[in-house]
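S.K.: Below is the file protein-v7.csv, which contains CSV, C-alpha atoms.
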```
chain,number,residue,atom,x,y,z
A,95,MET,CA,0.0,0.0,0.0
A,96,VAL,CA,2.8,2.4,0.9
A,97,ASP,CA,4.6,1.5,-2.3
A,98,TRP,CA,1.5,2.2,-4.3
A,99,PHE,CA,1.1,5.5,-2.6
A,100,LEU,CA,4.6,6.6,-3.5
A,101,GLU,CA,4.1,5.6,-7.1
A,102,GLN,CA,0.9,7.7,-7.3
A,103,GLN,CA,2.1,10.5,-5.0
A,104,PRO,CA,2.8,13.0,-7.8
A,105,ALA,CA,-0.6,12.6,-9.3
A,106,ILE,CA,-2.3,12.8,-5.8
A,107,CYS,CA,-0.4,16.0,-5.0
A,108,ALA,CA,-1.3,17.5,-8.3
A,109,ALA,CA,-5.0,16.7,-7.7
A,110,LEU,CA,-4.9,18.2,-4.2
A,111,LEU,CA,-3.4,21.4,-5.5
A,112,SER,CA,-5.9,21.8,-8.3
A,113,PRO,CA,-8.2,24.9,-8.0
A,114,GLN,CA,-11.4,22.7,-8.1
A,115,VAL,CA,-10.3,20.7,-5.0
A,116,LYS,CA,-9.1,23.8,-3.1
A,117,LYS,CA,-12.3,25.7,-3.8
A,118,GLY,CA,-14.7,23.0,-2.5
A,119,ALA,CA,-12.7,21.4,0.3
A,120,HIS,CA,-11.3,22.8,3.6
A,121,GLY,CA,-8.7,21.4,5.9
A,122,ILE,CA,-7.2,18.9,3.5
A,123,CYS,CA,-4.4,16.9,5.3
A,124,THR,CA,-1.4,16.3,3.2
A,125,LEU,CA,1.9,14.5,3.9
A,126,SER,CA,5.0,16.6,4.6
A,127,GLU,CA,8.3,16.0,2.9
A,128,ALA,CA,9.5,14.2,6.0
A,129,ASP,CA,6.5,11.9,5.9
A,130,VAL,CA,7.2,11.0,2.2
A,131,SER,CA,10.9,10.5,3.0
A,132,GLY,CA,9.9,8.2,5.8
A,133,ALA,CA,7.6,6.2,3.6
A,134,GLU,CA,10.5,5.8,1.1
A,135,HIS,CA,12.8,4.5,3.7
A,136,LEU,CA,10.1,2.1,4.9
A,137,VAL,CA,9.6,0.7,1.4
A,138,LYS,CA,13.3,0.3,0.8
A,139,ALA,CA,13.9,-1.5,4.1
A,140,LEU,CA,10.9,-3.9,3.7
A,141,LYS,CA,11.8,-4.8,0.1
A,142,PRO,CA,13.5,-8.2,1.0
A,143,MET,CA,10.4,-9.1,3.1
A,144,LYS,CA,8.1,-8.2,0.2
A,145,LEU,CA,10.2,-10.3,-2.2
A,146,ALA,CA,10.1,-13.3,0.2
A,147,THR,CA,6.4,-13.0,0.7
A,148,THR,CA,5.7,-12.7,-3.0
A,149,THR,CA,7.9,-15.6,-3.9
A,150,MET,CA,6.3,-17.9,-1.3
A,151,SER,CA,2.8,-16.9,-2.2
A,152,GLU,CA,3.4,-17.5,-5.9
A,153,GLU,CA,4.5,-21.1,-5.3
A,154,SER,CA,1.8,-23.6,-6.1
A,155,MET,CA,3.3,-26.1,-3.7
A,156,PRO,CA,5.7,-24.4,-1.2
A,157,THR,CA,8.1,-26.9,0.3
A,158,LEU,CA,9.7,-27.1,3.8
A,159,SER,CA,13.1,-27.1,2.2
A,160,VAL,CA,12.9,-23.4,1.4
A,161,ILE,CA,12.3,-22.2,4.9
A,162,ALA,CA,15.9,-22.5,6.3
A,163,PRO,CA,17.6,-20.8,3.3
A,164,LEU,CA,15.0,-18.1,3.2
A,165,HIS,CA,15.2,-17.4,6.9
A,166,ALA,CA,19.0,-17.2,6.7
A,167,GLN,CA,18.8,-14.8,3.8
A,168,LEU,CA,16.4,-12.5,5.6
A,169,LEU,CA,18.6,-12.4,8.6
A,170,THR,CA,21.4,-11.3,6.3
A,171,ASP,CA,19.3,-8.7,4.5
A,172,PHE,CA,18.0,-7.1,7.8
A,173,LYS,CA,21.4,-6.5,9.3
A,174,PRO,CA,21.8,-2.7,9.7
A,175,LEU,CA,24.6,-1.2,7.6
A,176,PRO,CA,26.7,1.8,8.5
A,177,GLU,CA,25.4,3.7,5.4
A,178,ASP,CA,21.8,3.2,6.3
A,179,GLU,CA,19.6,6.1,7.4
A,180,ARG,CA,18.6,6.1,11.0
A,181,MET,CA,15.0,5.1,10.3
A,182,THR,CA,16.2,2.3,8.0
A,183,ARG,CA,18.5,0.9,10.7
A,184,GLU,CA,15.7,1.0,13.3
A,185,ILE,CA,13.4,-1.0,11.0
A,186,LYS,CA,16.1,-3.5,10.1
A,187,HIS,CA,17.0,-4.0,13.7
A,188,ALA,CA,13.4,-4.5,14.8
A,189,ILE,CA,12.7,-7.1,12.1
A,190,GLY,CA,16.1,-8.8,12.5
A,191,GLU,CA,15.5,-9.3,16.3
A,192,ASP,CA,12.1,-10.8,15.6
A,193,LEU,CA,13.5,-13.2,13.0
A,194,LYS,CA,16.1,-14.4,15.4
A,195,LYS,CA,13.3,-15.7,17.7
A,196,ARG,CA,12.1,-18.0,14.9
A,197,TYR,CA,13.0,-21.7,14.5
A,198,THR,CA,15.3,-21.7,17.6
A,199,SER,CA,14.6,-25.2,19.0
A,200,THR,CA,17.0,-28.0,18.1
A,201,LYS,CA,14.3,-30.2,16.7
A,202,GLU,CA,13.1,-27.4,14.3
A,203,ARG,CA,16.6,-26.6,13.1
A,204,HIS,CA,17.3,-30.3,12.5
A,205,THR,CA,14.1,-30.8,10.5
A,206,LEU,CA,14.6,-27.7,8.4
A,207,HIS,CA,18.3,-28.5,7.7
A,208,THR,CA,17.4,-32.0,6.7
A,209,ALA,CA,14.6,-30.9,4.4
A,210,SER,CA,17.0,-28.4,2.7
A,211,ALA,CA,19.7,-31.1,2.3
A,212,LEU,CA,17.2,-33.4,0.6
A,213,ASP,CA,16.3,-30.7,-1.9
A,214,PRO,CA,18.8,-30.7,-4.8
A,215,ARG,CA,18.5,-26.9,-5.0
A,216,PHE,CA,19.9,-26.4,-1.5
A,217,LYS,CA,21.8,-29.7,-0.8
A,218,SER,CA,25.2,-27.8,-0.6
A,219,LEU,CA,23.8,-26.1,2.5
A,220,PRO,CA,25.6,-22.7,2.0
A,221,LEU,CA,23.8,-21.3,5.0
A,222,LEU,CA,25.5,-23.7,7.4
A,223,THR,CA,29.0,-24.0,8.8
A,224,THR,CA,31.2,-27.0,7.8
A,225,ASP,CA,30.5,-28.7,11.2
A,226,GLU,CA,26.8,-28.2,10.8
A,227,LYS,CA,26.8,-29.6,7.3
A,228,MET,CA,28.7,-32.7,8.5
A,229,GLU,CA,26.2,-33.1,11.4
A,230,THR,CA,23.3,-32.8,9.0
A,231,TYR,CA,24.5,-35.4,6.5
A,232,SER,CA,25.6,-37.7,9.4
A,233,ARG,CA,22.0,-37.5,10.8
A,234,MET,CA,20.6,-38.3,7.3
A,235,THR,CA,22.8,-41.3,7.0
A,236,THR,CA,21.7,-42.7,10.4
A,237,GLU,CA,18.0,-42.2,9.5
A,238,ALA,CA,18.4,-43.7,6.1
A,239,ALA,CA,20.1,-46.8,7.6
A,240,SER,CA,17.4,-47.2,10.1
A,241,PHE,CA,14.8,-47.2,7.4
A,242,GLU,CA,16.8,-49.8,5.5
A,243,VAL,CA,16.9,-52.0,8.6
A,244,VAL,CA,13.2,-51.8,9.1
A,245,ARG,CA,12.7,-52.8,5.4
A,246,GLN,CA,15.0,-55.7,5.7
A,247,GLU,CA,13.3,-56.9,8.9
A,248,ALA,CA,9.9,-56.7,7.1
A,249,GLU,CA,11.3,-58.8,4.2
A,250,VAL,CA,12.7,-61.4,6.6
A,251,ALA,CA,9.3,-61.6,8.3
A,252,GLU,CA,7.5,-62.1,5.0
A,253,GLY,CA,10.0,-64.8,4.0
A,254,GLU,CA,9.6,-66.7,7.3
A,255,GLU,CA,5.8,-66.6,6.8
A,256,GLY,CA,6.2,-68.0,3.3
A,257,ASP,CA,8.6,-70.8,4.5
A,258,MET,CA,6.1,-71.8,7.2
A,259,ALA,CA,3.3,-72.0,4.7
A,260,GLU,CA,5.4,-74.2,2.4
A,261,GLU,CA,6.4,-76.4,5.3
A,262,PHE,CA,2.9,-77.1,6.4
A,263,GLY,CA,1.6,-77.4,2.8
A,264,ASP,CA,4.2,-79.9,1.7
A,265,LYS,CA,5.4,-82.6,4.1
A,266,ALA,CA,7.2,-84.7,1.4
A,267,PRO,CA,11.0,-84.9,1.9
A,268,LYS,CA,13.1,-83.2,-0.8
A,269,LEU,CA,16.5,-84.3,-2.0
A,270,LYS,CA,19.2,-81.7,-1.9
A,271,LYS,CA,20.4,-80.8,-5.4
A,272,ASP,CA,23.2,-78.7,-6.5
A,273,SER,CA,22.1,-75.4,-8.1
A,274,PRO,CA,22.6,-75.1,-11.8
A,275,SER,CA,25.0,-72.2,-11.4
A,276,THR,CA,27.2,-74.2,-9.1
A,277,SER,CA,27.2,-77.2,-11.5
A,278,LYS,CA,27.9,-74.9,-14.4
A,279,GLN,CA,30.8,-73.2,-12.7
A,280,SER,CA,32.4,-76.6,-11.7
A,281,SER,CA,32.1,-77.8,-15.3
A,282,LEU,CA,33.8,-74.6,-16.7
A,283,THR,CA,36.5,-74.9,-14.1
A,284,ALA,CA,37.3,-78.4,-15.1
A,285,LEU,CA,37.2,-77.6,-18.8
A,286,LEU,CA,39.1,-74.3,-19.0
A,287,GLY,CA,41.3,-74.7,-15.9
A,288,GLN,CA,43.3,-71.5,-15.0
A,289,THR,CA,41.7,-69.4,-17.9
A,290,PHE,CA,38.3,-69.6,-16.1
A,291,CYS,CA,38.0,-67.2,-13.2
A,292,VAL,CA,35.3,-67.9,-10.7
A,293,VAL,CA,33.8,-64.6,-9.6
A,294,PRO,CA,34.1,-64.4,-5.8
A,295,LYS,CA,30.9,-63.9,-3.9
A,296,VAL,CA,30.5,-60.3,-2.8
A,297,MET,CA,29.5,-59.9,0.8
A,298,PRO,CA,26.4,-57.8,1.3
A,299,LYS,CA,27.0,-54.4,2.7
A,300,SER,CA,25.3,-53.3,5.9
A,301,ALA,CA,22.5,-50.8,5.8
A,302,GLN,CA,24.7,-48.2,7.6
A,303,THR,CA,27.5,-48.6,5.0
A,304,ARG,CA,25.1,-48.4,2.0
A,305,ALA,CA,23.4,-45.3,3.5
A,306,LYS,CA,26.7,-43.7,4.1
A,307,GLU,CA,27.9,-44.3,0.5
A,308,GLU,CA,24.6,-43.0,-1.0
A,309,VAL,CA,24.6,-39.9,1.1
A,310,ARG,CA,28.3,-39.2,0.2
A,311,MET,CA,27.5,-39.6,-3.5
A,312,TYR,CA,24.4,-37.4,-3.2
A,313,GLY,CA,26.3,-34.6,-1.4
A,314,GLY,CA,29.3,-34.9,-3.7
A,315,SER,CA,27.4,-34.5,-6.9
A,316,SER,CA,26.6,-30.8,-6.1
A,317,SER,CA,30.3,-29.9,-6.0
A,318,SER,CA,31.2,-31.8,-9.1
A,319,SER,CA,28.4,-30.1,-11.1
A,320,HIS,CA,29.7,-26.6,-10.5
```
Starting from the file, lay out its structure as structure tokens.
M.R.:
Amino acid sequence: MVDWFLEQQPAICAALLSPQVKKGAHGICTLSEADVSGAEHLVKALKPMKLATTTMSEESMPTLSVIAPLHAQLLTDFKPLPEDERMTREIKHAIGEDLKKRYTSTKERHTLHTASALDPRFKSLPLLTTDEKMETYSRMTTEAASFEVVRQEAEVAEGEEGDMAEEFGDKAPKLKKDSPSTSKQSSLTALLGQTFCVVPKVMPKSAQTRAKEEVRMYGGSSSSSH
């Protein structure tokens, strides 16, 4: 509203100074030069907040990952500068102090930082220190590994249920047979001797190890793309 007034202020002043208005109206209140100057300082100081509000309102599906970077940017924008006018410094100081009270709990910060790290646009986490970045990715690794453990336990439980169903459904004894792959490898070994290489069995990696490798690859791709 103040921004719109400043845009229309020359036209408004011209209309108030017209003979028709002066003749039919008494006691018209107008803004002084100090008032207009104050309004200009206000609009200039609030420009980052207006941009943030407009950006978030135009998003069809705002995401949680934007909150931490946006909050950090606003804190930077509302730091008073030595060259700022007195009124501008006071506005920035008041807004900056209010922003510092937002998202102060450890749980809130962890949630917001994790959400930003999972967003490819912010996964480099420029708003955090090196230690905070390492802590965030370490926390992501632990959570990813725990999800993998839960999935594996669910698969094992399903497999045990299937084995029990087969055991009760079929009581006939079964002869143990070599698998086709084992028999095939033995034949190739006997036929080709040293020229045939049996591929060693790869031991499965733990959920923690796989999660750590995936998080490392995800975090490293941002630096290699620049």
S.K.: Separation of CA of Ala139 in chain A and CA of Thr182 in chain A, in Å?
M.R.: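 Going from CA of Ala139 in chain A over to CA of Thr182 in chain A covers 5.9 Å.
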S.K.: Nearest to Met143 in chain A: which of A:Thr198, A:Ser131, A:Gln167, A:Ser300 is it, counting all atoms listed in the file?
M.R.: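 Result for the nearest residue to Met143 in chain A: A:Gln167.
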S.K.: Could you tell me how far CA of Val244 in chain A sits from CA of Val309 in chain A, in Å to one decimal place?
M.R.: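 Those two atoms sit 18.3 Å apart.
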S.K.: Mind giving me the straight-line distance from CA of Asp192 in chain A to CA of Asp213 in chain A in Å, one decimal?
M.R.: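 According to the coordinates, CA of Asp192 in chain A and CA of Asp213 in chain A are separated by 26.8 Å.
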S.K.: Which residue out of A:Val96, A:Thr170, A:Met155, A:Lys194 has the minimum interatomic distance to Val137 in chain A when only C-alpha atoms are used?
M.R.: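 Result for the nearest residue to Val137 in chain A: A:Val96.
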S.K.: From the set A:Ala188, A:Ala301, A:Glu252, A:Arg203, which residue has the shortest atom-to-atom contact distance to Ser240 in chain A, counting all atoms listed in the file?
M.R.: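 The shortest atom-to-atom distance to Ser240 in chain A comes from A:Ala301.
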S.K.: Nearest residue to Met234 in chain A out of A:Lys201, A:Ala108, A:Glu127, A:Ala211, using all atoms listed in the file?
M.R.: A:Ala211
